[in-house]
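J.: This is target.cif (mmCIF, C-alpha atoms).
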```
data_input
#
loop_
_atom_site.label_atom_id
_atom_site.label_comp_id
_atom_site.auth_asym_id
_atom_site.auth_seq_id
_atom_site.Cartn_x
_atom_site.Cartn_y
_atom_site.Cartn_z
CA MET C 1 50.62 69.65 -238.10
CA LYS C 2 54.22 69.18 -239.11
CA ALA C 3 57.11 71.54 -238.53
CA SER C 4 58.86 73.34 -241.34
CA ALA C 5 62.44 74.14 -240.40
CA GLY C 6 64.72 76.08 -242.74
CA GLY C 7 67.78 74.24 -241.53
CA TYR C 8 69.58 72.78 -238.56
CA ALA C 9 73.04 73.18 -237.12
CA ARG C 10 74.49 71.87 -233.90
CA ALA C 11 76.64 74.37 -232.02
CA ARG C 12 79.87 73.09 -230.44
CA ASP C 13 80.25 75.98 -228.03
CA VAL C 14 79.00 79.51 -227.46
CA PRO C 15 81.33 81.21 -230.02
CA HIS C 16 80.22 78.67 -232.64
CA ALA C 17 76.57 79.33 -231.79
CA LEU C 18 77.16 83.08 -232.13
CA ASP C 19 78.83 82.50 -235.52
CA LEU C 20 75.83 80.49 -236.68
CA LEU C 21 73.46 83.15 -235.38
CA ALA C 22 75.38 85.82 -237.29
CA ALA C 23 75.36 83.67 -240.45
CA SER C 24 71.61 83.07 -240.37
CA ASP C 25 70.54 86.43 -241.80
CA GLY C 26 68.07 87.02 -239.01
CA ALA C 27 66.35 83.63 -239.44
CA GLY C 28 68.40 82.00 -236.69
CA ARG C 29 66.51 80.52 -233.81
CA ILE C 30 68.17 79.09 -230.72
CA LEU C 31 67.00 75.56 -229.95
CA ALA C 32 67.64 74.42 -226.39
CA GLY C 33 65.12 72.07 -224.75
CA GLY C 34 62.63 72.82 -227.51
CA GLN C 35 59.56 72.37 -225.34
CA SER C 36 58.02 75.64 -226.52
CA LEU C 37 59.86 76.12 -229.82
CA ILE C 38 59.13 72.70 -231.32
CA ALA C 39 55.49 72.96 -230.26
CA ALA C 40 55.30 76.34 -232.02
CA MET C 41 57.03 74.88 -235.09
CA ASN C 42 54.65 71.91 -235.20
CA MET C 43 51.73 74.34 -235.13
CA ARG C 44 53.38 76.41 -237.86
CA LEU C 45 53.41 79.43 -235.60
CA SER C 46 57.07 79.58 -236.54
CA GLU C 47 58.26 78.53 -240.02
CA GLY C 48 61.55 78.40 -241.87
CA ASP C 49 63.69 78.84 -238.77
CA MET C 50 67.41 78.22 -239.03
CA LEU C 51 67.72 76.12 -235.90
CA ILE C 52 70.88 76.51 -233.86
CA ASP C 53 70.88 73.58 -231.47
CA ILE C 54 72.81 74.62 -228.37
CA SER C 55 71.61 71.71 -226.26
CA ARG C 56 74.98 69.88 -226.37
CA ILE C 57 77.09 72.79 -225.10
CA ALA C 58 78.49 71.37 -221.89
CA GLY C 59 79.58 74.71 -220.43
CA LEU C 60 76.01 75.97 -220.21
CA GLN C 61 74.75 73.23 -217.91
CA GLY C 62 74.60 72.87 -214.18
CA VAL C 63 74.56 74.90 -211.00
CA THR C 64 77.63 76.48 -209.43
CA GLU C 65 77.94 78.13 -206.06
CA GLU C 66 79.61 81.54 -205.98
CA ALA C 67 80.18 83.81 -203.00
CA ASP C 68 76.72 85.28 -202.54
CA THR C 69 74.97 83.84 -205.57
CA LEU C 70 74.11 80.65 -207.40
CA ARG C 71 74.86 80.60 -211.10
CA ILE C 72 72.55 78.34 -213.06
CA GLY C 73 73.59 77.47 -216.61
CA ALA C 74 71.01 78.24 -219.28
CA LEU C 75 70.74 74.59 -220.32
CA THR C 76 69.96 73.32 -216.83
CA ARG C 77 66.78 71.35 -217.27
CA HIS C 78 63.68 71.98 -215.18
CA ALA C 79 63.89 68.51 -213.60
CA ALA C 80 67.52 69.21 -212.64
CA VAL C 81 66.59 72.58 -211.12
CA GLY C 82 63.91 70.81 -209.08
CA ALA C 83 66.31 68.13 -207.83
CA ASP C 84 69.42 70.26 -207.23
CA PRO C 85 70.45 70.45 -203.55
CA LEU C 86 72.12 73.87 -203.98
CA ILE C 87 68.92 75.30 -205.44
CA SER C 88 66.76 73.73 -202.72
CA ALA C 89 69.06 75.23 -200.09
CA HIS C 90 69.68 78.67 -201.57
CA ALA C 91 66.86 79.43 -204.03
CA PRO C 92 63.89 77.29 -202.96
CA LEU C 93 61.53 79.46 -205.01
CA LEU C 94 62.96 77.95 -208.20
CA ALA C 95 62.63 74.41 -206.85
CA GLU C 96 59.02 75.03 -205.90
CA ALA C 97 58.28 76.54 -209.31
CA VAL C 98 59.40 73.37 -211.08
CA GLY C 99 56.44 71.44 -209.68
CA TYR C 100 54.11 73.83 -211.50
CA ILE C 101 55.85 73.72 -214.89
CA ALA C 102 54.00 71.47 -217.33
CA HIS C 103 54.51 67.74 -216.81
CA ALA C 104 57.32 65.36 -215.90
CA ALA C 105 58.25 64.49 -219.49
CA ILE C 106 58.44 68.18 -220.43
CA ARG C 107 60.45 69.04 -217.31
CA ASN C 108 62.99 66.42 -218.43
CA ARG C 109 63.75 68.44 -221.58
CA GLY C 110 62.83 72.07 -220.93
CA THR C 111 65.62 74.41 -219.80
CA ILE C 112 65.64 77.41 -217.47
CA GLY C 113 67.44 79.55 -220.03
CA GLY C 114 64.88 78.65 -222.66
CA ALA C 115 62.02 79.54 -220.34
CA LEU C 116 63.60 82.93 -219.54
CA ALA C 117 64.44 83.78 -223.16
CA HIS C 118 61.00 82.67 -224.37
CA ALA C 119 59.40 85.06 -221.83
CA ASP C 120 55.95 83.54 -221.84
CA PRO C 121 53.84 85.80 -219.62
CA ALA C 122 52.28 82.74 -217.97
CA ALA C 123 55.60 81.04 -217.17
CA GLU C 124 56.91 80.64 -213.64
CA PHE C 125 60.67 81.13 -214.02
CA PRO C 126 60.56 84.73 -215.33
CA ALA C 127 58.43 85.76 -212.35
CA CYS C 128 60.79 83.92 -209.99
CA ALA C 129 63.78 85.68 -211.55
CA VAL C 130 62.24 89.11 -210.97
CA ALA C 131 61.08 88.23 -207.45
CA LEU C 132 64.57 87.02 -206.50
CA GLY C 133 66.31 90.02 -208.07
CA ALA C 134 68.21 87.70 -210.39
CA THR C 135 70.76 88.66 -213.03
CA ILE C 136 70.52 87.36 -216.59
CA HIS C 137 73.84 86.63 -218.31
CA VAL C 138 74.01 86.95 -222.08
CA GLU C 139 76.77 86.73 -224.66
CA GLY C 140 77.04 88.27 -228.09
CA LYS C 141 79.72 89.02 -230.66
CA GLY C 142 80.45 92.21 -228.77
CA GLY C 143 81.06 90.32 -225.54
CA ALA C 144 79.14 89.35 -222.45
CA ARG C 145 76.77 91.51 -220.46
CA GLU C 146 74.56 91.18 -217.41
CA ILE C 147 70.96 92.32 -217.33
CA PRO C 148 68.91 92.68 -214.15
CA ALA C 149 65.83 90.45 -214.40
CA GLU C 150 63.62 93.49 -213.76
CA ALA C 151 64.89 95.04 -217.00
CA PHE C 152 65.00 91.82 -219.01
CA PHE C 153 61.31 91.13 -219.61
CA GLU C 154 59.98 93.82 -221.93
CA ASP C 155 56.72 92.49 -223.37
CA VAL C 156 54.94 89.28 -224.36
CA PHE C 157 57.66 86.91 -225.67
CA THR C 158 59.99 89.92 -225.83
CA THR C 159 63.17 90.44 -223.83
CA ALA C 160 66.22 92.69 -223.70
CA LEU C 161 68.20 89.96 -225.48
CA ALA C 162 69.56 91.37 -228.74
CA GLU C 163 69.18 89.39 -231.97
CA ASP C 164 72.85 88.44 -232.00
CA GLU C 165 72.97 87.38 -228.35
CA ILE C 166 72.45 84.13 -226.48
CA LEU C 167 71.29 83.77 -222.90
CA THR C 168 74.00 81.79 -221.10
CA ALA C 169 73.08 81.73 -217.41
CA ILE C 170 71.04 83.21 -214.61
CA SER C 171 72.48 84.04 -211.23
CA VAL C 172 70.32 84.43 -208.16
CA PRO C 173 71.26 85.78 -204.74
CA LYS C 174 71.52 83.08 -202.11
CA ALA C 175 68.69 83.19 -199.60
CA GLU C 176 69.77 84.72 -196.32
CA PRO C 177 69.05 82.87 -193.05
CA GLY C 178 65.34 83.11 -192.31
CA GLU C 179 64.43 84.27 -195.81
CA VAL C 180 61.09 82.99 -197.06
CA GLN C 181 60.40 82.22 -200.73
CA LEU C 182 56.99 80.98 -201.83
CA LEU C 183 55.10 80.46 -205.06
CA GLU C 184 51.34 80.14 -205.35
CA GLU C 185 49.32 79.69 -208.51
CA VAL C 186 45.95 78.59 -209.77
CA ALA C 187 45.61 76.57 -212.98
CA ARG C 188 42.64 74.66 -214.29
CA ARG C 189 44.51 71.36 -214.35
CA SER C 190 47.86 70.24 -213.01
CA GLY C 191 50.55 71.36 -215.44
CA ASP C 192 48.40 73.89 -217.28
CA TYR C 193 49.60 77.45 -217.61
CA ALA C 194 48.65 79.50 -214.57
CA LEU C 195 45.47 81.54 -214.70
CA THR C 196 47.37 83.74 -212.29
CA GLY C 197 50.43 83.07 -210.15
CA LEU C 198 52.40 84.90 -207.49
CA CYS C 199 55.91 84.78 -206.03
CA LEU C 200 56.60 86.12 -202.55
CA VAL C 201 60.08 86.68 -201.14
CA ARG C 202 60.52 87.98 -197.60
CA ARG C 203 64.07 88.98 -196.70
CA ALA C 204 65.64 91.37 -194.22
CA GLU C 205 65.47 94.36 -196.57
CA GLY C 206 61.78 93.79 -197.22
CA HIS C 207 59.23 91.91 -199.26
CA ARG C 208 59.28 91.24 -203.00
CA VAL C 209 56.10 90.22 -204.79
CA THR C 210 55.69 89.35 -208.45
CA VAL C 211 52.53 88.34 -210.29
CA PHE C 212 52.54 86.34 -213.52
CA SER C 213 49.97 85.39 -216.14
CA ALA C 214 48.16 88.65 -215.39
CA GLY C 215 49.91 90.97 -217.86
CA PRO C 216 52.52 90.99 -220.63
CA THR C 217 55.46 90.51 -218.25
CA PRO C 218 55.94 89.54 -214.61
CA LEU C 219 54.74 92.47 -212.50
CA LEU C 220 56.87 93.59 -209.56
CA ALA C 221 54.16 94.85 -207.21
CA ARG C 222 56.02 97.69 -205.48
CA ASP C 223 53.07 99.26 -203.66
CA ALA C 224 51.98 95.88 -202.32
CA MET C 225 55.56 95.21 -201.22
CA ALA C 226 55.68 98.53 -199.34
CA ALA C 227 52.38 97.72 -197.63
CA LEU C 228 53.68 94.29 -196.58
CA ASP C 229 56.85 95.91 -195.23
CA GLY C 230 54.53 98.01 -193.08
CA GLY C 231 52.62 94.93 -191.92
CA ASP C 232 49.43 95.94 -193.74
CA LEU C 233 48.10 92.78 -195.45
CA ASP C 234 44.74 94.23 -196.45
CA GLY C 235 46.52 97.28 -197.84
CA ALA C 236 48.90 95.01 -199.75
CA VAL C 237 46.03 93.07 -201.33
CA ALA C 238 44.30 96.32 -202.28
CA ALA C 239 47.52 97.71 -203.78
CA LEU C 240 48.16 94.48 -205.67
CA VAL C 241 44.69 94.41 -207.20
CA GLU C 242 45.03 98.10 -208.10
CA ALA C 243 48.41 97.54 -209.81
CA LEU C 244 47.14 94.80 -212.12
CA ASP C 245 45.60 95.34 -215.53
CA PRO C 246 45.20 91.73 -216.65
CA PRO C 247 43.71 90.56 -219.94
CA SER C 248 40.38 88.77 -220.26
CA ASP C 249 40.49 85.65 -222.37
CA THR C 250 38.80 82.28 -222.73
CA GLN C 251 40.59 81.06 -219.61
CA ALA C 252 39.71 83.80 -217.14
CA SER C 253 38.27 87.31 -217.00
CA ALA C 254 40.37 90.28 -215.95
CA SER C 255 38.39 90.74 -212.75
CA TYR C 256 38.83 87.07 -211.84
CA ARG C 257 42.59 87.32 -212.37
CA ARG C 258 42.72 90.41 -210.13
CA HIS C 259 40.70 88.57 -207.50
CA LEU C 260 43.01 85.55 -207.75
CA ALA C 261 46.12 87.67 -207.23
CA GLY C 262 44.75 88.89 -203.90
CA VAL C 263 43.78 85.36 -202.89
CA LEU C 264 47.24 84.06 -203.78
CA LEU C 265 48.94 86.77 -201.72
CA ARG C 266 46.79 85.88 -198.71
CA ARG C 267 47.54 82.17 -199.24
CA ALA C 268 51.28 82.82 -199.40
CA LEU C 269 51.22 84.84 -196.19
CA ALA C 270 49.07 82.20 -194.49
CA ARG C 271 51.71 79.61 -195.41
CA ILE C 272 54.37 81.73 -193.69
CA GLU C 273 52.25 81.75 -190.54
CA GLU C 274 51.74 77.97 -190.79
CA GLN C 275 55.47 77.43 -191.14
CA LYS C 276 56.08 79.48 -188.00
CA ALA C 277 53.51 77.47 -186.03
CA MET T 1 71.02 79.25 -246.91
CA THR T 2 74.50 79.11 -245.50
CA ALA T 3 76.62 75.99 -245.61
CA ALA T 4 76.58 75.68 -241.85
CA PHE T 5 72.90 74.78 -241.79
CA SER T 6 71.50 71.57 -243.24
CA ASN T 7 68.07 70.59 -244.50
CA LYS T 8 68.94 66.96 -243.80
CA VAL T 9 70.81 65.77 -240.76
CA ASP T 10 72.73 62.51 -240.40
CA ILE T 11 72.09 60.77 -237.10
CA GLU T 12 73.29 57.62 -235.36
CA LEU T 13 71.37 56.37 -232.37
CA THR T 14 70.13 53.19 -230.78
CA VAL T 15 66.43 52.39 -230.83
CA ASN T 16 65.21 49.57 -228.62
CA GLY T 17 68.79 48.39 -228.34
CA GLU T 18 69.45 48.28 -232.09
CA PRO T 19 71.89 50.67 -233.78
CA VAL T 20 70.22 52.94 -236.34
CA GLU T 21 71.74 55.31 -238.89
CA ALA T 22 69.55 57.69 -240.83
CA ARG T 23 69.34 61.00 -242.65
CA VAL T 24 66.38 62.97 -241.36
CA PRO T 25 64.70 66.24 -242.37
CA ALA T 26 65.75 69.11 -240.10
CA GLY T 27 62.23 69.72 -238.82
CA GLN T 28 61.11 66.12 -238.35
CA HIS T 29 60.21 65.26 -234.78
CA LEU T 30 61.39 62.05 -233.21
CA VAL T 31 58.06 60.26 -233.05
CA ASP T 32 57.48 60.75 -236.79
CA PHE T 33 60.95 59.37 -237.48
CA LEU T 34 60.21 56.30 -235.37
CA ARG T 35 56.79 55.76 -236.93
CA LEU T 36 57.39 56.66 -240.56
CA ASP T 37 61.01 55.64 -241.08
CA LEU T 38 61.42 52.76 -238.62
CA GLY T 39 57.85 51.46 -238.63
CA LEU T 40 57.59 51.64 -234.85
CA ASN T 41 53.96 52.66 -234.47
CA GLY T 42 53.69 52.17 -230.72
CA ALA T 43 54.24 55.80 -229.76
CA HIS T 44 51.38 57.83 -231.21
CA ALA T 45 51.60 61.24 -232.85
CA SER T 46 48.47 63.02 -231.70
CA CYS T 47 48.30 66.63 -230.50
CA GLU T 48 51.87 67.35 -231.61
CA HIS T 49 52.29 70.22 -229.20
CA GLY T 50 53.17 68.40 -226.01
CA VAL T 51 49.78 68.35 -224.35
CA CYS T 52 48.43 64.81 -224.73
CA GLY T 53 51.37 62.55 -223.88
CA ALA T 54 50.50 59.84 -226.43
CA CYS T 55 53.99 60.14 -227.96
CA THR T 56 55.89 59.64 -224.69
CA LEU T 57 59.23 57.86 -225.24
CA ARG T 58 62.23 56.99 -223.13
CA VAL T 59 65.31 58.86 -224.28
CA ASP T 60 68.59 58.37 -222.41
CA GLY T 61 66.68 56.92 -219.50
CA GLU T 62 64.10 59.68 -219.17
CA ALA T 63 60.52 60.04 -220.37
CA VAL T 64 60.21 62.74 -223.02
CA ARG T 65 57.65 63.98 -225.50
CA GLY T 66 58.45 62.41 -228.87
CA CYS T 67 56.75 65.31 -230.64
CA LEU T 68 58.81 67.97 -228.83
CA MET T 69 62.22 66.58 -229.69
CA LEU T 70 63.64 66.63 -233.18
CA ALA T 71 65.01 63.43 -234.66
CA ALA T 72 68.14 65.49 -235.38
CA GLN T 73 68.55 66.03 -231.63
CA ALA T 74 68.51 62.28 -231.00
CA ASP T 75 71.96 61.80 -232.52
CA GLY T 76 73.86 59.60 -230.08
CA ALA T 77 70.79 58.96 -227.95
CA GLU T 78 69.41 55.73 -226.58
CA VAL T 79 65.72 55.58 -227.44
CA TRP T 80 63.18 53.09 -226.15
CA THR T 81 59.59 52.78 -227.34
CA VAL T 82 56.80 50.62 -226.00
CA GLU T 83 57.78 47.96 -228.54
CA GLY T 84 61.22 47.66 -226.97
CA LEU T 85 59.85 47.60 -223.46
CA THR T 86 57.45 44.87 -224.55
CA ASP T 87 60.19 42.78 -226.17
CA GLN T 88 62.35 43.11 -223.08
CA GLY T 89 59.46 41.93 -220.91
CA THR T 90 60.30 44.49 -218.26
CA SER T 91 56.85 46.08 -218.46
CA ALA T 92 54.91 42.82 -218.77
CA ASP T 93 53.50 43.12 -215.24
CA LEU T 94 52.36 46.70 -215.88
CA GLN T 95 50.80 45.75 -219.20
CA GLN T 96 49.00 42.81 -217.58
CA ALA T 97 47.78 45.08 -214.80
CA PHE T 98 46.36 47.50 -217.39
CA VAL T 99 44.39 44.60 -218.89
CA ALA T 100 43.33 43.18 -215.53
CA ARG T 101 42.16 46.55 -214.21
CA ASN T 102 40.46 47.66 -217.43
CA ALA T 103 42.91 50.56 -217.61
CA LEU T 104 42.41 50.95 -221.33
CA GLN T 105 39.50 50.95 -223.70
CA CYS T 106 40.51 52.24 -227.13
CA GLY T 107 44.20 51.91 -226.20
CA PHE T 108 45.39 55.03 -228.00
CA CYS T 109 46.96 56.57 -224.88
CA THR T 110 48.29 53.29 -223.48
CA PRO T 111 51.83 53.23 -224.96
CA GLY T 112 52.46 56.73 -223.61
CA MET T 113 50.88 55.80 -220.29
CA ILE T 114 53.15 52.75 -219.97
CA VAL T 115 56.32 54.72 -220.70
CA ALA T 116 55.29 57.58 -218.40
CA ALA T 117 54.29 55.19 -215.60
CA GLU T 118 57.60 53.30 -215.91
CA ASP T 119 59.38 56.65 -215.48
CA LEU T 120 57.66 56.96 -212.09
CA LEU T 121 58.01 53.29 -211.13
CA ALA T 122 61.74 53.42 -211.88
CA ARG T 123 62.17 55.51 -208.73
CA GLY T 124 61.61 52.27 -206.81
CA ASP T 125 59.35 53.39 -204.00
CA VAL T 126 55.57 53.00 -203.81
CA PRO T 127 54.12 56.35 -204.88
CA THR T 128 50.91 57.67 -203.37
CA ARG T 129 47.84 57.74 -205.59
CA ALA T 130 48.18 61.52 -205.64
CA ALA T 131 51.77 61.20 -206.85
CA ILE T 132 50.72 58.74 -209.57
CA ARG T 133 47.93 61.08 -210.63
CA GLU T 134 50.32 64.02 -210.73
CA HIS T 135 52.95 62.10 -212.68
CA LEU T 136 50.41 60.97 -215.28
CA SER T 137 48.74 64.40 -215.46
CA GLY T 138 50.52 64.99 -218.76
CA ASN T 139 48.97 61.91 -220.38
CA TYR T 140 45.42 62.22 -221.57
CA CYS T 141 42.99 59.31 -221.62
CA ARG T 142 39.55 59.99 -223.08
CA CYS T 143 38.07 56.57 -222.18
CA THR T 144 38.81 55.35 -218.70
CA GLY T 145 38.42 58.35 -216.41
CA TYR T 146 41.90 57.51 -215.09
CA GLU T 147 40.88 55.64 -211.89
CA ALA T 148 41.66 52.23 -213.41
CA ILE T 149 45.01 53.50 -214.68
CA ILE T 150 45.93 54.75 -211.22
CA ASP T 151 44.81 51.36 -209.82
CA ALA T 152 47.02 49.49 -212.29
CA VAL T 153 50.12 51.61 -211.64
CA GLU T 154 49.61 51.48 -207.88
CA SER T 155 49.19 47.70 -207.84
CA VAL T 156 52.37 47.20 -209.87
CA ALA T 157 54.32 49.59 -207.65
CA ARG T 158 53.24 47.62 -204.60
CA ALA T 159 53.97 44.27 -206.24
CA ARG T 160 57.43 45.34 -207.40
CA ALA T 161 58.19 46.55 -203.89
CA GLY T 162 57.05 43.15 -202.56
CA LYS T 163 54.18 44.70 -200.63
CA ASP T 164 51.33 42.71 -202.16
CA ALA T 165 50.16 41.04 -205.34
CA ALA T 166 49.42 43.02 -208.50
#
```
Is it possible to give me this structure as structure tokens?
T.:
Amino acid sequence: MKASAGGYARARDVPHALDLLAASDGAGRILAGGQSLIAAMNMRLSEGDMLIDISRIAGLQGVTEEADTLRIGALTRHAAVGADPLISAHAPLLAEAVGYIAHAAIRNRGTIGGALAHADPAAEFPACAVALGATIHVEGKGGAREIPAEAFFEDVFTTALAEDEILTAISVPKAEPGEVQLLEEVARRSGDYALTGLCLVRRAEGHRVTVFSAGPTPLLARDAMAALDGGDLDGAVAALVEALDPPSDTQASASYRRHLAGVLLRRALARIEEQKA
Amino acid sequence: MTAAFSNKVDIELTVNGEPVEARVPAGQHLVDFLRLDLGLNGAHASCEHGVCGACTLRVDGEAVRGCLMLAAQADGAEVWTVEGLTDQGTSADLQQAFVARNALQCGFCTPGMIVAAEDLLARGDVPTRAAIREHLSGNYCRCTGYEAIIDAVESVARARAGKDAA
């Protein structure tokens, strides 16, 4: 089908984008890479949007190194995240995730900020953000604020971003020496949305595990993390399966998704052992 | 609607090396603009939600989905379609390999396959078959079963690297 947009405006900078958003009477829709939005528009899942194209705003692109964190501009494209040496060195989870996101041509356009703001429950970057303990940076007319990733994802396609705000960046803590970051997922075909996926971070203060595509938002599996901290893998798998209440759909049943989550956790831990060997 | 938003957007871009100026509807995607306004029917509009890859184009040097980019976003861009690649002759060896290896039957997916494969071949090394398969995983072919396409891309990669004949 063909898209039906209400209008289009290209934002020069963030204040201009916020002005446009305020002027759109609630119909404003931020267009970044467009790899989910334009698909939804073409399918008429979204109609009459006042598109605010932020994709040319130079200040929202690229990766910068700060003291203990990396700040990744919202418009940094998936392919750029995957190829960035700072990200490979300090946040390898994000680099690994890129290989699972759709296909090369989509990774050339899609942006990390768009993926976070879209908050698809099957997407990799939101789960990575929660697993890493990232901070989401947003700006609105009232100023800028920072939202912990754990508090950002509220429901399916729903975030803590207010209607008059724009997501501008994500910052992630730099991996400490010896920190392990892994992503495992199962999809029917390469590039498909995950049936279930899992992020595992092991750092000095303990493990962090998130599961995606098994509920409305990425799940931070606290009981499983505590079990892993205690060295109890079987207990962690049991706790993980217990914590999940996944949907059944045409792609996978709830019980299969629960089973997969346990398998993925075991795979991730097996990879850590392989890397040691 | 407020004055800041437009139903029609003026764009200037280059398509296959030629300068183009146009006024496009706000919601029109790039592949429709190329097909309907410029008569460039090489890139195909098929699934129109980014799954099939038949609309794959080269925009500013990178392969993108023509159905997931608005024409309005192409202002200032350098766009190449399979027609331009054909006229340049730079993909002639790949196109000949597709014919020689029977890498197409109905041909609907082929323009997207060529653009997507060139995106991989542009890296200059000889990719593994697994890497070719992964790179083309976003381009559907309902005829060939893909093996012949992988064969064609692999043979061209090797030939371009001087490793053996296509």
J.: One decimal, in Å: what's the spacing between atom CA of Thr110 of chain T and atom CA of Val59 of chain T?
T.: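 Atom-to-atom, atom CA of Thr110 of chain T to atom CA of Val59 of chain T, that is 17.9 Å.
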J.: Please, which residues in chain T fall within 6 Å of chain C when counting all atoms listed in the file, and what is the closest atom pair and distance in Å to one decimal for each, ordered by chain then residue number, as a Markdown table?
T.:
```
| residue | atom | partner | partner_atom | distance |
| --- | --- | --- | --- | --- |
| T:Phe5 | CA | C:Ala9 | CA | 4.9 |
| T:Ser6 | CA | C:Gly7 | CA | 4.9 |
| T:Asn7 | CA | C:Gly7 | CA | 4.7 |
| T:Ala26 | CA | C:Tyr8 | CA | 5.5 |
| T:Gly27 | CA | C:Ala5 | CA | 4.7 |
| T:His49 | CA | C:Ala39 | CA | 4.3 |
| T:Ala63 | CA | C:Ala105 | CA | 5.1 |
| T:Val64 | CA | C:Ala105 | CA | 4.4 |
| T:Leu68 | CA | C:Ile38 | CA | 5.4 |
| T:Gly138 | CA | C:His103 | CA | 5.2 |
```
J.: Could you give me, as a ChimeraX atom specification, the residues that have an atom at most 8 Å away from the point (59.1, 58.0, -215.6) in the coordinates of the file, using only C-alpha atoms?
T.: /C:104-105 /T:62-63,115-123,135
J.: Would you list the contacts of Asp87 of chain T as a list of chain:residue names, taking every protein, DNA or RNA residue within 12 Å and counting all atoms listed in the file, but skipping same-chain residues closer than 6 positions in sequence?
T.: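 After dropping sequence-adjacent residues, the list is T:Asn16, T:Gly17, T:Trp80, T:Thr81.
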J.: Apply the PyMOL selection byres ((chain C and resi 67-78) around 9) to the structure shown and report the selected residues as a PDB file with C-alpha atoms, in the frame of the given file.
T.:
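What landed in result.pdb:
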```
ATOM      1  CA  ALA C  32      67.640  74.420-226.390  1.00  0.00           C
ATOM      2  CA  GLY C  33      65.120  72.070-224.750  1.00  0.00           C
ATOM      3  CA  ILE C  54      72.810  74.620-228.370  1.00  0.00           C
ATOM      4  CA  SER C  55      71.610  71.710-226.260  1.00  0.00           C
ATOM      5  CA  ARG C  56      74.980  69.880-226.370  1.00  0.00           C
ATOM      6  CA  ILE C  57      77.090  72.790-225.100  1.00  0.00           C
ATOM      7  CA  ALA C  58      78.490  71.370-221.890  1.00  0.00           C
ATOM      8  CA  GLY C  59      79.580  74.710-220.430  1.00  0.00           C
ATOM      9  CA  LEU C  60      76.010  75.970-220.210  1.00  0.00           C
ATOM     10  CA  GLN C  61      74.750  73.230-217.910  1.00  0.00           C
ATOM     11  CA  GLY C  62      74.600  72.870-214.180  1.00  0.00           C
ATOM     12  CA  VAL C  63      74.560  74.900-211.000  1.00  0.00           C
ATOM     13  CA  THR C  64      77.630  76.480-209.430  1.00  0.00           C
ATOM     14  CA  GLU C  65      77.940  78.130-206.060  1.00  0.00           C
ATOM     15  CA  GLU C  66      79.610  81.540-205.980  1.00  0.00           C
ATOM     16  CA  ALA C  79      63.890  68.510-213.600  1.00  0.00           C
ATOM     17  CA  ALA C  80      67.520  69.210-212.640  1.00  0.00           C
ATOM     18  CA  VAL C  81      66.590  72.580-211.120  1.00  0.00           C
ATOM     19  CA  GLY C  82      63.910  70.810-209.080  1.00  0.00           C
ATOM     20  CA  ALA C  83      66.310  68.130-207.830  1.00  0.00           C
ATOM     21  CA  LEU C  86      72.120  73.870-203.980  1.00  0.00           C
ATOM     22  CA  ILE C  87      68.920  75.300-205.440  1.00  0.00           C
ATOM     23  CA  HIS C  90      69.680  78.670-201.570  1.00  0.00           C
ATOM     24  CA  ALA C  91      66.860  79.430-204.030  1.00  0.00           C
ATOM     25  CA  ALA C  95      62.630  74.410-206.850  1.00  0.00           C
ATOM     26  CA  VAL C  98      59.400  73.370-211.080  1.00  0.00           C
ATOM     27  CA  ILE C 101      55.850  73.720-214.890  1.00  0.00           C
ATOM     28  CA  ILE C 106      58.440  68.180-220.430  1.00  0.00           C
ATOM     29  CA  ARG C 107      60.450  69.040-217.310  1.00  0.00           C
ATOM     30  CA  ASN C 108      62.990  66.420-218.430  1.00  0.00           C
ATOM     31  CA  ARG C 109      63.750  68.440-221.580  1.00  0.00           C
ATOM     32  CA  GLY C 110      62.830  72.070-220.930  1.00  0.00           C
ATOM     33  CA  THR C 111      65.620  74.410-219.800  1.00  0.00           C
ATOM     34  CA  ILE C 112      65.640  77.410-217.470  1.00  0.00           C
ATOM     35  CA  GLY C 113      67.440  79.550-220.030  1.00  0.00           C
ATOM     36  CA  GLY C 114      64.880  78.650-222.660  1.00  0.00           C
ATOM     37  CA  LEU C 116      63.600  82.930-219.540  1.00  0.00           C
ATOM     38  CA  HIS C 137      73.840  86.630-218.310  1.00  0.00           C
ATOM     39  CA  LEU C 167      71.290  83.770-222.900  1.00  0.00           C
ATOM     40  CA  THR C 168      74.000  81.790-221.100  1.00  0.00           C
ATOM     41  CA  ALA C 169      73.080  81.730-217.410  1.00  0.00           C
ATOM     42  CA  ILE C 170      71.040  83.210-214.610  1.00  0.00           C
ATOM     43  CA  SER C 171      72.480  84.040-211.230  1.00  0.00           C
ATOM     44  CA  VAL C 172      70.320  84.430-208.160  1.00  0.00           C
ATOM     45  CA  PRO C 173      71.260  85.780-204.740  1.00  0.00           C
ATOM     46  CA  LYS C 174      71.520  83.080-202.110  1.00  0.00           C
ATOM     47  CA  ALA C 175      68.690  83.190-199.600  1.00  0.00           C
TER      48      ALA C 175
END
```
J.: Just to confirm, what's the straight-line distance from atom CA of Leu104 of chain T to atom CA of Gly39 of chain T in Å (one decimal)?
T.: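 Result for atom CA of Leu104 of chain T versus atom CA of Gly39 of chain T: 23.2 Å, one decimal.
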J.: What is the atom CA of Glu139 of chain C to atom CA of Gly26 of chain C distance in Å?
T.: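 Pair atom CA of Glu139 of chain C / atom CA of Gly26 of chain C returns 16.8 Å.
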J.: Applied to the shown file, which residues does the PyMOL selection byres ((chain C and resi 130) around 9) return, written as an MDAnalysis selection string?
T.: chainID C and resid 125:129 131:135 148:153 208:210 218:220
J.: Which residues are near Ala54 of chain T? Cut-off 8 Å, all atoms listed in the file, ignore same chain within fewer than 6 positions. Put them as a list in words.
T.: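 Listed by chain and then number, they are Ala43, His44, Ala45, Ser46, Phe108, Cys109, Thr110, Pro111, Gly112, Met113, Asn139 and Tyr140 of chain T.
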